[in-house]
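First the structure, in the form of structure tokens, and then the observations on it.
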Number of protein chains: 2
Amino acid sequence: MSKYVIGLDYGTLSGRAVIIDVSNGDELAEAVYDYGNAVIDEKLPGTDICLEPDWALQDPADYLAVLRSTIPAVLEKSNISANDVIGLGIDFTACTMIPTKNDGTPLCFLEEWKDNPHAWVKLWKHHAAQPEANKINEIAEKNDYEFLSRYGGKISSEWFFPKALQIINEAPEVYEAAERLMEAADWVIWQLTGDERRNACTAGYKAMWSKREGYPPKEYFKLLDPRMENIVEEKMSSDIYPIGSKAGVLTPETAKMIGLQQGTAVAVASVDAHVAVPAATVTGTGQMVIIMGTSNCHMICGTEEKLVPGICGYVEDGILPGLIGYEAGQSCVGDHFMWFVENCVPSSYQEAAKEAKQSIHEYLTEKASQLKPGQSGLIALDWWNGNRSVLVDVDLTGLIVGMTLATQPEEIYRALLEATAYGTRMIIETFENENVPVNDIVAAGGLPGRNPFLMQIYADVTGREIKVIRTTQSGAVGSGIMGAVAAGSTSGGYDTIKAASDAMAGLRDVVYKPNKKAKLVYDALYKEYSLLHDYFGRGENDVMKRLKKISTEAK
Amino acid sequence: MSKYVIGLDYGTLSGRAVIIDVSNGDELAEAVYDYGNAVIDEKLPGTDICLEPDWALQDPADYLAVLRSTIPAVLEKSNISANDVIGLGIDFTACTMIPTKNDGTPLCFLEEWKDNPHAWVKLWKHHAAQPEANKINEIAEKNDYEFLSRYGGKISSEWFFPKALQIINEAPEVYEAAERLMEAADWVIWQLTGDERRNACTAGYKAMWSKREGYPPKEYFKLLDPRMENIVEEKMSSDIYPIGSKAGVLTPETAKMIGLQQGTAVAVASVDAHVAVPAATVTGTGQMVIIMGTSNCHMICGTEEKLVPGICGYVEDGILPGLIGYEAGQSCVGDHFMWFVENCVPSSYQEAAKEAKQSIHEYLTEKASQLKPGQSGLIALDWWNGNRSVLVDVDLTGLIVGMTLATQPEEIYRALLEATAYGTRMIIETFENENVPVNDIVAAGGLPGRNPFLMQIYADVTGREIKVIRTTQSGAVGSGIMGAVAAGSTSGGYDTIKAASDAMAGLRDVVYKPNKKAKLVYDALYKEYSLLHDYFGRGENDVMKRLKKISTEAK
């Protein structure tokens with residue numbers, strides 16, 4: 001008799017459920033619910049209350065609607081009985097923060113608070129807390145707090161405490177009314193199980209928590225704002241649960257609402273990129289998982305805590321229990337190629353692609369693949385959206401060098417693809433320099449399946465074999481794996497993430513192997529990339545920052 | 001009774017005659033003859049003899065056809081009698097070299113030689129003598145000959161002696177048969193007057209001649225090749241005539257052939273960019289003339305010989321008699337903008353331009369002109385075709401920095417326009433650093449009339465007033481001025497170039513004045529340009545050259 005789990009993947013615009021066979025990882029049905037209020041960045045729903053620039057909110061009612069809509073849908077589509085569903089796991093965007101009462105009611109559900117923007121969910125890409133992030137960084141640096149070094153020396157405005165501090169600064173009454181400040185991921189788990197169980201992944205990667213040191217100390221928060229001194233004790237919790245733990249079981253009420261059995265096991269929540277690791281068959285050290293889409297996320301586990309310079313974060317138990325999970329990233333990958341296609345491709349190419357019945361990406365890829373490595377004479381720095389790792393500097397910008405009057409669009413396109421591969425190699429070498437080995441790579445996300453040409457470039461540039469994850473839903477499958485572990489072997493699940501991943505995760509047949517000749521050319525080009533990377537990125541010539549300043553002043 | 005001159009402008013694909021009123025410079029008629037054999041770069045005309053890559057030849061019969069066709073045409077169109085035409089001047093592409101017999105017959109006219117490519121005219125853009133140019137530069141440098149310093153330390157494969165040495169190397173029999181080696185400019189003058197009269201402009205700028213030192217010494221030529229030792233005495237001449245001199249008068253036979261009176265004064269030949277100076281009203285020091293088209297030529301006169309580093313050349317009597325004429329250049333201007341339009345403008349822009357009934361240049365210019373200086377956050381190095389001045393390095397390539405995901409095509413377009421203006425400012429400052437003052441600028445050529453937006457950028461970036469020449473035919477008008485001076489006042493012409501220019505040359509009403517606010521921003525941007533210019537151009541990071549090498553090896 002087969003058993004099943006449901007993995008729920010909460011994205012920026014929708015939530016998706018996938019029902020998965022526990023024995024082999026087969027994805028039997030999926031369902032998607034588009035959030036009714038999507039990303040709220042102009043007006044509060046149903047009001048004329050306008051939001052400031054850089055705001056991005058969400059409506060927690062949408063998160064509940066995902067549960068009510070998609071879980072019954074996948075049961076129905078797959079014709080599987082709720083009796084055979086043994087567990088549930090979710091992943092979420094992060095930091096996506098929600099202020100609630102002690103009973104879990106979001107402030108924005110209450111008449112009293114619903115017209116105050118700060119009562120709503122602050123989505124990960126809410127960027128209005130930059131002044132607060134600056135203050136958090138400056139005060140930590142000035143007072144020699146070391147926790148920042150776990151995050152490459154700087155935290156982002158997207159993270160938990162900048163968002164909290166913005167509420168204090170702009171709406172102290174909301175801050176006071178907020179009895180709990182929750183990651184939306186943990187809030188959904190609370191709704192499912194009736195228990196508040198915070199996960200190590202978002203706590204570690206987005207809220208400066210570490211297993212060994214906990215949150216930053218009270219005195220630090222007091223320096224930020226006296227009202228913040230006891231934020232952890234008052235509105236958060238120091239009980240943090242490692243990834244792979246059981247958060248609890250479905251309450252009778254929730255079980256009824258979503259059409260599952262009460263008592264079904266629920267795993268602690270996580271983040272899509274992090275659960276992608278076991279979904280990509282990786283359950284130990286030495287193998288990097290790169291989630292490639294609009295941006296790249298690089299996930300690798302190690303056994304020792306290493307201060308790898310310029311890495312987004314490392315969290316014990318944050319990816320796999322018992323290991324140090326390192327996360328690095330490139331903020332401009334698919335977005336980079338899209339920018340090029342939208343802004344720099346001449347109409348003659350658009351027409352030729354149309355005639356060849358190809359998308360413009362396919363047409364450019366075909367032309368670019370006819371070039372040899374190095375042939376274009378071009379090299380680019382992949383900083384169109386700043387540098388997330390290893391320089392951790394949003395004010396860096398793009399560069400391309402080597403153009404002649406004979407330079408063709410497909411040469412520039414290829415140079416941009418290659419630039420993102422050099423950026424990944426820089427991240428890998430940074431890890432290896434600190435004795436976090438990266439032996440080979442598993443690629444996940446939207447790009448690897450669609451773009452074999454890009455994958456071969458990554459193999460040639462990094463000099464490492466690249467395997468490709470089987471599923472296109474790495475978040476949902478990873479969450480399903482966590483659900484199977486929460487259920488445990490006695491319920492037909494697994495007792496370890498390794499056992500669950502071994503059974504449920506898989507790779508495609510294709511393996512991209514480095515071409516020796518191409519690798520040699522790319523070694524030479526990577527040397528040039530590194531030289532430019534350090535010259536423009538490490539302060540020798542801060543022209544990019546000065547140009548940004550001139551630009552801001554000109555507007 | 002009005003008097004007239006004819007200015008003949010020999011270009012790369014055609015020759016043009018303009019008949020001009022001596023009293024006021026009015027252009028009364030013009031006629032163009034397209035060379036029948038245009039640029040010969042595949043097969044010798046009427047044969048199956050293939051040319052090597054980088055070859056570019058012409059047929060001297062086309063030059064004679066220009067005379068026979070265009071001069072009668074302008075007389076007829078303007079209804080002016082040949083009796084009232086007092087003088088003739090010509091300008092030509094250079095170095096465009098022709099091997100002839102002692103009587104002026106081109107070798108390629110002779111049955112014996114016509115199947116040998118080396119017997120034909122080597123056009124300025126014949127680039128196959130690069131090995132010879134390298135040898136010429138190396139041997140001069142190794143033996144501490146100082147004449148190279150007059151040309152920024154290096155001469156180009158386009159010049160006279162590389163072309164001559166290529167004949168010696170590849171076709172010694174042609175070299176031996178060539179009793180005269182002539183600039184095509186001087187050869188046409190010879191055909192008109194029956195006398196060989198070589199001009200100081202092409203001798204100085206293209207054949208390493210100087211008024212004070214003459215040609216390089218015999219020993220130097222002997223080092224290049226023993227057969228070359230006596231090239232000047234045997235096949236050239238040391239009688240060099242300053243610009244503005246009279247070369248002679250039309251012979252009865254030629255006069256008859258072209259429909260003018262015998263005895264009509266003929267000026268010594270020159271080069272289009274150089275005769276553009278008096279055509280732009282400039283007859284002294286301190287005013288720079290920039291001929292702006294596919295590339296930029298910067299012409300300025302001084303009173304003293306200065307070794308201005310990285311300047312293409314300086315020649316006494318080469319632009320104006322009695323003054324040192326300096327020439328500098330940028331190899332990629334209109335070509336740069338054209339490259340961008342052809343390779344980097346998305347179809348949405350093409351369609352919007354079509355809808356607005358604008359050319360794509362007009363459309364981009366309109367959008368770019370709405371940006372403020374510095375707003376784009378971009379800066380480019382204008383080296384898509386190498387750097388002619390002040391770095392004198394064909395192996396440099398283009399660079400652009402500052403792109404973000406929000407960067408728009410018109411911002412890149414504007415950055416490329418600005419880059420050429422920074423390049424011009426760099427040239428101006430290089431002159432001024434050596435005490436060759438550049439007080440203001442007169443712009444000539446195709447771009448200034450078409451592109452007021454570009455002219456304003458040049459004024460803002462250079463901080464100098466820019467005036468614009470009246471004529472669109474600066475070569476022909478400049479040649480006409482030389483014809484009027486050759487005729488002299490007793491024939492109804494003028495005795496000095498200044499007098500002729502005062503009467504015959506003119507400016508448009510518009511003057512582009514630097515905007516103080518824009519200038520301040522551009523000062524900051526130019527500082528960044530200079531920093532990148534020196535870093536990439538002066539050896540600190542030779543990435544451009546290494547990329548070129550990698551590219552060549554990859555192909």
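Identifiers in the structure tokens: chain A, B, ... in order shown; residue index from 1 per chain; ligand index from 1 in order shown.
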Residues of chain A at most 6 Å from chain B: nearest atom pair and distance in Å, only C-alpha atoms, as CSV:
residue,atom,partner,partner_atom,distance
A:Asn343,CA,B:Pro346,CA,5.6
A:Cys344,CA,B:Cys344,CA,4.4
A:Val345,CA,B:Pro346,CA,5.0
A:Pro346,CA,B:Pro346,CA,4.7
A:Ser347,CA,B:Ser347,CA,4.2
A:Gly374,CA,B:Ser551,CA,5.2
A:Gln375,CA,B:Ser551,CA,4.2
A:Gly377,CA,B:Leu547,CA,4.8
A:Trp384,CA,B:Thr404,CA,4.1
A:Asn385,CA,B:Thr404,CA,5.8
A:Thr397,CA,B:Gly402,CA,4.9
A:Gly398,CA,B:Met403,CA,4.5
A:Leu399,CA,B:Val401,CA,4.2
A:Ile400,CA,B:Ile400,CA,5.5
A:Val401,CA,B:Leu399,CA,4.2
A:Gly402,CA,B:Thr397,CA,4.9
A:Met403,CA,B:Gly398,CA,4.5
A:Thr404,CA,B:Trp384,CA,4.1
A:Leu405,CA,B:Trp384,CA,5.6
A:Met544,CA,B:Gly402,CA,5.8
A:Leu547,CA,B:Gly377,CA,4.8
A:Lys548,CA,B:Gly377,CA,5.4
A:Ile550,CA,B:Gly374,CA,5.9
A:Ser551,CA,B:Gln375,CA,4.1
A:Ala554,CA,B:Gln375,CA,5.2
Write out as a JSON list (two decimals) with C-alpha atoms, in the first residue's frame which residues come within 8 Å of B:Ser149 when counting only C-alpha atoms, dropping same-chain ones fewer than 4 positions away.
[["chain", "number", "residue", "atom", "x", "y", "z"],
["B", 153, "GLY", "CA", 56.03, 56.81, -31.82],
["B", 154, "LYS", "CA", 54.52, 54.58, -34.46],
["B", 307, "LEU", "CA", 56.51, 66.73, -29.47],
["B", 309, "PRO", "CA", 52.72, 62.63, -27.21]]
Quiz item: Got a sec: who's within 10 Å of A:Ala273, counting only C-alpha atoms, leaving out chain neighbours fewer than 2 positions off, as a ChimeraX atom specification?
Solution: /A:91-93,270-271,275-277,279,289-292,296-299,319,327,444-445,474-475,478
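Between A:Asn515 and the residues A:Ala500, A:Leu67, A:Ala459, A:Ile428, the shortest atom-to-atom distance, using only C-alpha atoms, involves A:Ala459.
Those residues of stretch 319-367 of chain A that DSSP, working from the backbone, places in helix (DSSP H, G or I) are Gly334, Asp335, His336, Phe337, Met338, Trp339, Phe340, Val341, Glu342, Asn343, Ser347, Ser348, Tyr349, Gln350, Glu351, Ala352, Ala353, Lys354, Glu355, Ile360, His361, Glu362, Tyr363, Leu364, Thr365, Glu366 and Lys367 of chain A.
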Export of the given selection (N, CA, C and O atoms) as an mmCIF file, in the first residue's frame:
data_model
loop_
_atom_site.group_PDB
_atom_site.id
_atom_site.type_symbol
_atom_site.label_atom_id
_atom_site.label_comp_id
_atom_site.auth_asym_id
_atom_site.auth_seq_id
_atom_site.Cartn_x
_atom_site.Cartn_y
_atom_site.Cartn_z
ATOM 1 N N GLY A 334 19.124 34.804 -14.767
ATOM 2 C CA GLY A 334 18.083 34.839 -15.798
ATOM 3 C C GLY A 334 17.645 36.268 -16.098
ATOM 4 O O GLY A 334 17.393 36.626 -17.253
ATOM 5 N N ASP A 335 17.581 37.077 -15.073
ATOM 6 C CA ASP A 335 17.243 38.491 -15.250
ATOM 7 C C ASP A 335 18.208 39.202 -16.184
ATOM 8 O O ASP A 335 17.839 40.122 -16.903
ATOM 9 N N HIS A 336 19.453 38.770 -16.103
ATOM 10 C CA HIS A 336 20.503 39.379 -16.901
ATOM 11 C C HIS A 336 20.258 39.102 -18.383
ATOM 12 O O HIS A 336 20.297 39.994 -19.224
ATOM 13 N N PHE A 337 19.949 37.828 -18.668
ATOM 14 C CA PHE A 337 19.742 37.448 -20.070
ATOM 15 C C PHE A 337 18.462 38.101 -20.587
ATOM 16 O O PHE A 337 18.387 38.513 -21.748
ATOM 17 N N MET A 338 17.461 38.206 -19.703
ATOM 18 C CA MET A 338 16.201 38.831 -20.094
ATOM 19 C C MET A 338 16.421 40.319 -20.396
ATOM 20 O O MET A 338 15.886 40.838 -21.367
ATOM 21 N N TRP A 339 17.203 40.978 -19.569
ATOM 22 C CA TRP A 339 17.524 42.395 -19.823
ATOM 23 C C TRP A 339 18.142 42.541 -21.204
ATOM 24 O O TRP A 339 17.756 43.428 -21.977
ATOM 25 N N PHE A 340 19.067 41.672 -21.517
ATOM 26 C CA PHE A 340 19.742 41.761 -22.811
ATOM 27 C C PHE A 340 18.738 41.593 -23.949
ATOM 28 O O PHE A 340 18.696 42.377 -24.898
ATOM 29 N N VAL A 341 17.905 40.562 -23.817
ATOM 30 C CA VAL A 341 16.945 40.264 -24.887
ATOM 31 C C VAL A 341 15.951 41.414 -25.063
ATOM 32 O O VAL A 341 15.568 41.758 -26.176
ATOM 33 N N GLU A 342 15.569 42.036 -23.966
ATOM 34 C CA GLU A 342 14.580 43.106 -24.062
ATOM 35 C C GLU A 342 15.169 44.427 -24.530
ATOM 36 O O GLU A 342 14.465 45.248 -25.115
ATOM 37 N N ASN A 343 16.445 44.637 -24.269
ATOM 38 C CA ASN A 343 17.013 45.959 -24.519
ATOM 39 C C ASN A 343 18.070 46.024 -25.606
ATOM 40 O O ASN A 343 18.421 47.119 -26.052
ATOM 41 N N SER A 347 16.198 44.261 -34.356
ATOM 42 C CA SER A 347 14.983 43.724 -34.964
ATOM 43 C C SER A 347 15.303 42.675 -36.021
ATOM 44 O O SER A 347 14.521 41.752 -36.230
ATOM 45 N N SER A 348 16.470 42.787 -36.672
ATOM 46 C CA SER A 348 16.813 41.766 -37.673
ATOM 47 C C SER A 348 16.894 40.382 -37.017
ATOM 48 O O SER A 348 16.504 39.377 -37.609
ATOM 49 N N TYR A 349 17.364 40.328 -35.771
ATOM 50 C CA TYR A 349 17.448 39.048 -35.068
ATOM 51 C C TYR A 349 16.057 38.567 -34.671
ATOM 52 O O TYR A 349 15.758 37.377 -34.737
ATOM 53 N N GLN A 350 15.236 39.502 -34.221
ATOM 54 C CA GLN A 350 13.867 39.143 -33.843
ATOM 55 C C GLN A 350 13.151 38.531 -35.043
ATOM 56 O O GLN A 350 12.445 37.521 -34.919
ATOM 57 N N GLU A 351 13.354 39.141 -36.203
ATOM 58 C CA GLU A 351 12.679 38.643 -37.409
ATOM 59 C C GLU A 351 13.219 37.276 -37.817
ATOM 60 O O GLU A 351 12.461 36.382 -38.185
ATOM 61 N N ALA A 352 14.530 37.132 -37.758
ATOM 62 C CA ALA A 352 15.129 35.849 -38.141
ATOM 63 C C ALA A 352 14.668 34.733 -37.206
ATOM 64 O O ALA A 352 14.413 33.606 -37.634
ATOM 65 N N ALA A 353 14.543 35.058 -35.911
ATOM 66 C CA ALA A 353 14.073 34.056 -34.950
ATOM 67 C C ALA A 353 12.638 33.644 -35.277
ATOM 68 O O ALA A 353 12.295 32.464 -35.265
ATOM 69 N N LYS A 354 11.848 34.644 -35.600
ATOM 70 C CA LYS A 354 10.451 34.396 -35.947
ATOM 71 C C LYS A 354 10.376 33.471 -37.161
ATOM 72 O O LYS A 354 9.599 32.519 -37.188
ATOM 73 N N GLU A 355 11.193 33.800 -38.142
ATOM 74 C CA GLU A 355 11.200 33.004 -39.360
ATOM 75 C C GLU A 355 11.619 31.558 -39.077
ATOM 76 O O GLU A 355 11.094 30.620 -39.668
ATOM 77 N N ILE A 360 13.515 34.044 -29.172
ATOM 78 C CA ILE A 360 14.738 34.826 -29.384
ATOM 79 C C ILE A 360 15.888 34.249 -28.555
ATOM 80 O O ILE A 360 17.050 34.250 -28.993
ATOM 81 N N HIS A 361 15.556 33.690 -27.369
ATOM 82 C CA HIS A 361 16.584 33.014 -26.568
ATOM 83 C C HIS A 361 17.161 31.814 -27.329
ATOM 84 O O HIS A 361 18.373 31.615 -27.375
ATOM 85 N N GLU A 362 16.285 31.031 -27.935
ATOM 86 C CA GLU A 362 16.754 29.871 -28.699
ATOM 87 C C GLU A 362 17.618 30.301 -29.876
ATOM 88 O O GLU A 362 18.672 29.727 -30.155
ATOM 89 N N TYR A 363 17.160 31.339 -30.560
ATOM 90 C CA TYR A 363 17.893 31.821 -31.733
ATOM 91 C C TYR A 363 19.289 32.320 -31.332
ATOM 92 O O TYR A 363 20.304 31.964 -31.932
ATOM 93 N N LEU A 364 19.323 33.126 -30.258
ATOM 94 C CA LEU A 364 20.612 33.652 -29.786
ATOM 95 C C LEU A 364 21.509 32.515 -29.299
ATOM 96 O O LEU A 364 22.725 32.519 -29.523
ATOM 97 N N THR A 365 20.895 31.557 -28.608
ATOM 98 C CA THR A 365 21.672 30.432 -28.085
ATOM 99 C C THR A 365 22.302 29.651 -29.234
ATOM 100 O O THR A 365 23.480 29.277 -29.173
ATOM 101 N N GLU A 366 21.517 29.417 -30.287
ATOM 102 C CA GLU A 366 22.058 28.672 -31.423
ATOM 103 C C GLU A 366 23.240 29.411 -32.036
ATOM 104 O O GLU A 366 24.290 28.831 -32.316
ATOM 105 N N LYS A 367 23.095 30.708 -32.215
ATOM 106 C CA LYS A 367 24.198 31.481 -32.800
ATOM 107 C C LYS A 367 25.392 31.532 -31.838
ATOM 108 O O LYS A 367 26.545 31.410 -32.251
#
Practice problem: Have a look at A:Glu170, A:Asp393, A:Asp59, A:Glu196 and name the one nearest to A:Ser238; count only C-alpha atoms. | Solution: A:Glu196
Practice problem: Run DSSP on the backbone and grab whatever in stretch 159-207 of chain A lands in strand (DSSP E or B); send it over as a ChimeraX atom specification. | Solution: /A:180-183,198-199
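Going from atom CA of B:Ile258 to atom CA of B:Ala203 covers 27.4 Å.
Using only C-alpha atoms, the shortest contact distance between B:Val282 and any of B:Glu213, B:Asp9, B:Leu57, B:Gly506 is found at B:Gly506.
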Residues of stretch 30-144 of chain A that approach stretch 467-473 of chain A to 12 Å or less, counting only C-alpha atoms: could you list each one with the shortest pair of atoms and its distance in Å to one decimal, rows by chain and increasing residue number, as a tab-separated table?
residue	atom	partner	partner_atom	distance
A:Glu30	CA	A:Gln473	CA	9.8
A:Ala31	CA	A:Gln473	CA	11.8
A:Val32	CA	A:Gln473	CA	12.0
A:Asp91	CA	A:Gln473	CA	11.6
Include all heavy atoms and write out the residues we just selected as a PDB file, in the first residue's frame.
ATOM      1  N   GLU A  30      -0.400  18.165  -9.202  1.00  0.00           N
ATOM      2  CA  GLU A  30      -0.064  19.449  -8.591  1.00  0.00           C
ATOM      3  C   GLU A  30      -1.202  20.431  -8.805  1.00  0.00           C
ATOM      4  O   GLU A  30      -2.034  20.263  -9.710  1.00  0.00           O
ATOM      5  CB  GLU A  30       1.263  19.995  -9.138  1.00  0.00           C
ATOM      6  CG  GLU A  30       1.259  20.404 -10.579  1.00  0.00           C
ATOM      7  CD  GLU A  30       2.591  21.045 -10.963  1.00  0.00           C
ATOM      8  OE1 GLU A  30       3.584  20.300 -11.043  1.00  0.00           O
ATOM      9  OE2 GLU A  30       2.623  22.260 -11.172  1.00  0.00           O
ATOM     10  N   ALA A  31      -1.255  21.439  -7.962  1.00  0.00           N
ATOM     11  CA  ALA A  31      -2.285  22.472  -8.080  1.00  0.00           C
ATOM     12  C   ALA A  31      -1.683  23.792  -7.634  1.00  0.00           C
ATOM     13  O   ALA A  31      -0.838  23.829  -6.727  1.00  0.00           O
ATOM     14  CB  ALA A  31      -3.484  22.121  -7.204  1.00  0.00           C
ATOM     15  N   VAL A  32      -2.097  24.861  -8.302  1.00  0.00           N
ATOM     16  CA  VAL A  32      -1.552  26.176  -8.008  1.00  0.00           C
ATOM     17  C   VAL A  32      -2.672  27.123  -7.649  1.00  0.00           C
ATOM     18  O   VAL A  32      -3.750  27.078  -8.248  1.00  0.00           O
ATOM     19  CB  VAL A  32      -0.796  26.728  -9.252  1.00  0.00           C
ATOM     20  CG1 VAL A  32      -0.318  28.158  -9.003  1.00  0.00           C
ATOM     21  CG2 VAL A  32       0.369  25.824  -9.611  1.00  0.00           C
ATOM     22  N   ASP A  91       7.592  25.159   2.115  1.00  0.00           N
ATOM     23  CA  ASP A  91       8.675  26.144   2.030  1.00  0.00           C
ATOM     24  C   ASP A  91       8.058  27.471   1.633  1.00  0.00           C
ATOM     25  O   ASP A  91       6.971  27.516   1.061  1.00  0.00           O
ATOM     26  CB  ASP A  91       9.736  25.714   1.007  1.00  0.00           C
ATOM     27  CG  ASP A  91       9.185  25.630  -0.388  1.00  0.00           C
ATOM     28  OD1 ASP A  91       8.699  24.549  -0.780  1.00  0.00           O
ATOM     29  OD2 ASP A  91       9.213  26.658  -1.115  1.00  0.00           O
TER      30      ASP A  91
END
Practice problem: Fewer than 6 positions away in the same chain doesn't count, so skip those; otherwise give me all residues within 12 Å of B:Ile300, counting only C-alpha atoms, as an NGL selection string. | Solution: :B and (273-278 or 280 or 282-291 or 308 or 311-316 or 318-320 or 323-329 or 427-428 or 431-432 or 436-442)
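Each of B:Glu158, B:Asp317, B:Asp144, B:Glu173 was checked against B:Lys211 using only C-alpha atoms; the smallest atom-to-atom distance is that of B:Asp317.
Minimum atom-to-atom distance to B:Val392, evaluated using only C-alpha atoms, belongs to B:Gln330 out of B:Val232, B:Gln330, B:Leu110, B:His126.
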